[in-house]
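Colleague: To start, I am sharing the structure in question, which I have written as C-alpha cells.
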Amino acid sequence: MRKSYRVKKETEFQKVFEQGKSCANRQFVIYMIEKPQQLHFRVGISVGKKIGNAVARNWVKRRIRQSLTELKPQLKQDCDFIVIARPAVSGLSMAETKKHLIHVLRLAHVLQKD
C-alpha cells in the first residue's frame, strides 16, 4: 500500500480514535472517521505485543495489508480508518483473516455494498 494510503502520524491516529466511531468483532477493532474532502481512503494498522514477537506482528500486518489491497475497489474513499488486531488473529490463515476483516469492515460501514 502506497504512503498516501496510510495514516502514519500519532496526531492523525489520535484524531481517528477520539472523533471516530468504532466497531469490533473477536479478531479486529475498526475506528473510522469521515473525511468528505479526501480523494481516497487512508488506513492505519496497529498490532500490539499481545499478538507475539516482532516476526508474528509483522506477519499479521502483512496479511491485513494484503487483504486491504484486494478489497481496495470496494472500500469507501472518503474516510480514514484504523485496524487494530486482537490476539485471536495470530493463528488465522490468510483466507480467515480476510473473511473476518470483511465482516468488521461491513459493520463499520467502510466496505461498500457489492
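Please note that chains go A, B, ... in the order of the C-alpha cells, that every chain numbers its residues from 1, and that ligands are numbered from 1 in the order shown.
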Could you pull out the helix (DSSP H, G or I) residues of stretch 33-104 of chain A, going by DSSP on the backbone, and write them as an MDAnalysis selection string?
Modeller: chainID A and resid 49:51 54:74 87:91 94:104
Colleague: Print the selection's residues with C-alpha atoms to a file, as an mmCIF file, in the first residue's frame.
Modeller:
data_model
loop_
_atom_site.group_PDB
_atom_site.id
_atom_site.type_symbol
_atom_site.label_atom_id
_atom_site.label_comp_id
_atom_site.auth_asym_id
_atom_site.auth_seq_id
_atom_site.Cartn_x
_atom_site.Cartn_y
_atom_site.Cartn_z
ATOM 1 C CA LYS A 49 2.615 -7.030 21.694
ATOM 2 C CA LYS A 50 -0.024 -9.485 22.933
ATOM 3 C CA ILE A 51 -0.039 -10.930 19.400
ATOM 4 C CA ALA A 54 8.080 -8.812 16.108
ATOM 5 C CA VAL A 55 8.047 -11.565 13.479
ATOM 6 C CA ALA A 56 4.480 -12.575 14.391
ATOM 7 C CA ARG A 57 3.279 -8.961 14.474
ATOM 8 C CA ASN A 58 4.786 -8.190 11.060
ATOM 9 C CA TRP A 59 3.254 -11.400 9.674
ATOM 10 C CA VAL A 60 -0.213 -10.253 10.861
ATOM 11 C CA LYS A 61 0.329 -6.743 9.429
ATOM 12 C CA ARG A 62 1.318 -8.174 6.040
ATOM 13 C CA ARG A 63 -1.875 -10.273 5.947
ATOM 14 C CA ILE A 64 -4.036 -7.274 6.874
ATOM 15 C CA ARG A 65 -2.333 -5.085 4.240
ATOM 16 C CA GLN A 66 -2.754 -7.780 1.560
ATOM 17 C CA SER A 67 -6.445 -8.192 2.407
ATOM 18 C CA LEU A 68 -6.994 -4.426 2.223
ATOM 19 C CA THR A 69 -5.170 -4.256 -1.113
ATOM 20 C CA GLU A 70 -7.510 -6.918 -2.514
ATOM 21 C CA LEU A 71 -10.546 -5.053 -1.124
ATOM 22 C CA LYS A 72 -9.350 -1.608 -2.270
ATOM 23 C CA PRO A 73 -12.006 -1.060 -5.009
ATOM 24 C CA GLN A 74 -14.822 -1.825 -2.532
ATOM 25 C CA PRO A 87 -4.772 -11.648 19.953
ATOM 26 C CA ALA A 88 -7.262 -14.073 18.316
ATOM 27 C CA VAL A 89 -5.933 -13.113 14.870
ATOM 28 C CA SER A 90 -2.485 -14.673 15.362
ATOM 29 C CA GLY A 91 -3.442 -18.243 14.411
ATOM 30 C CA MET A 94 -4.948 -15.702 5.042
ATOM 31 C CA ALA A 95 -8.497 -16.627 3.968
ATOM 32 C CA GLU A 96 -9.799 -16.495 7.541
ATOM 33 C CA THR A 97 -8.074 -13.164 8.167
ATOM 34 C CA LYS A 98 -9.685 -11.674 5.068
ATOM 35 C CA LYS A 99 -13.114 -13.104 5.963
ATOM 36 C CA HIS A 100 -13.041 -11.627 9.487
ATOM 37 C CA LEU A 101 -11.690 -8.312 8.189
ATOM 38 C CA ILE A 102 -14.533 -8.103 5.631
ATOM 39 C CA HIS A 103 -17.026 -8.786 8.434
ATOM 40 C CA VAL A 104 -15.776 -5.966 10.664
#
Colleague: Write out as a count of residues only each polymer residue whose atoms come within 10 Å of stretch 26-38 of chain A, counting only C-alpha atoms; drop sequence neighbours fewer than 3 positions from it.
Modeller: 43
Colleague: When you draw a straight line from atom CA of A:Ser93 to atom CA of A:Tyr5, how long is it in Å?
Modeller: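 Atom CA of A:Tyr5 lies 24.7 Å from atom CA of A:Ser93.
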Colleague: Which of chain A end up as strand (DSSP E) when DSSP is run on this backbone - answer as a PyMOL selection string?
Modeller: chain A and resi 21-24+28-34+42-47+79-85
Colleague: Could you give me, as a list of chain:residue names, the residues within 9 Å of A:Ser4, counting only C-alpha atoms and dropping anything in the same chain fewer than 2 positions from it?
Modeller: A:Met1, A:Arg2, A:Arg6, A:Val7, A:His40, A:Phe41, A:Arg42
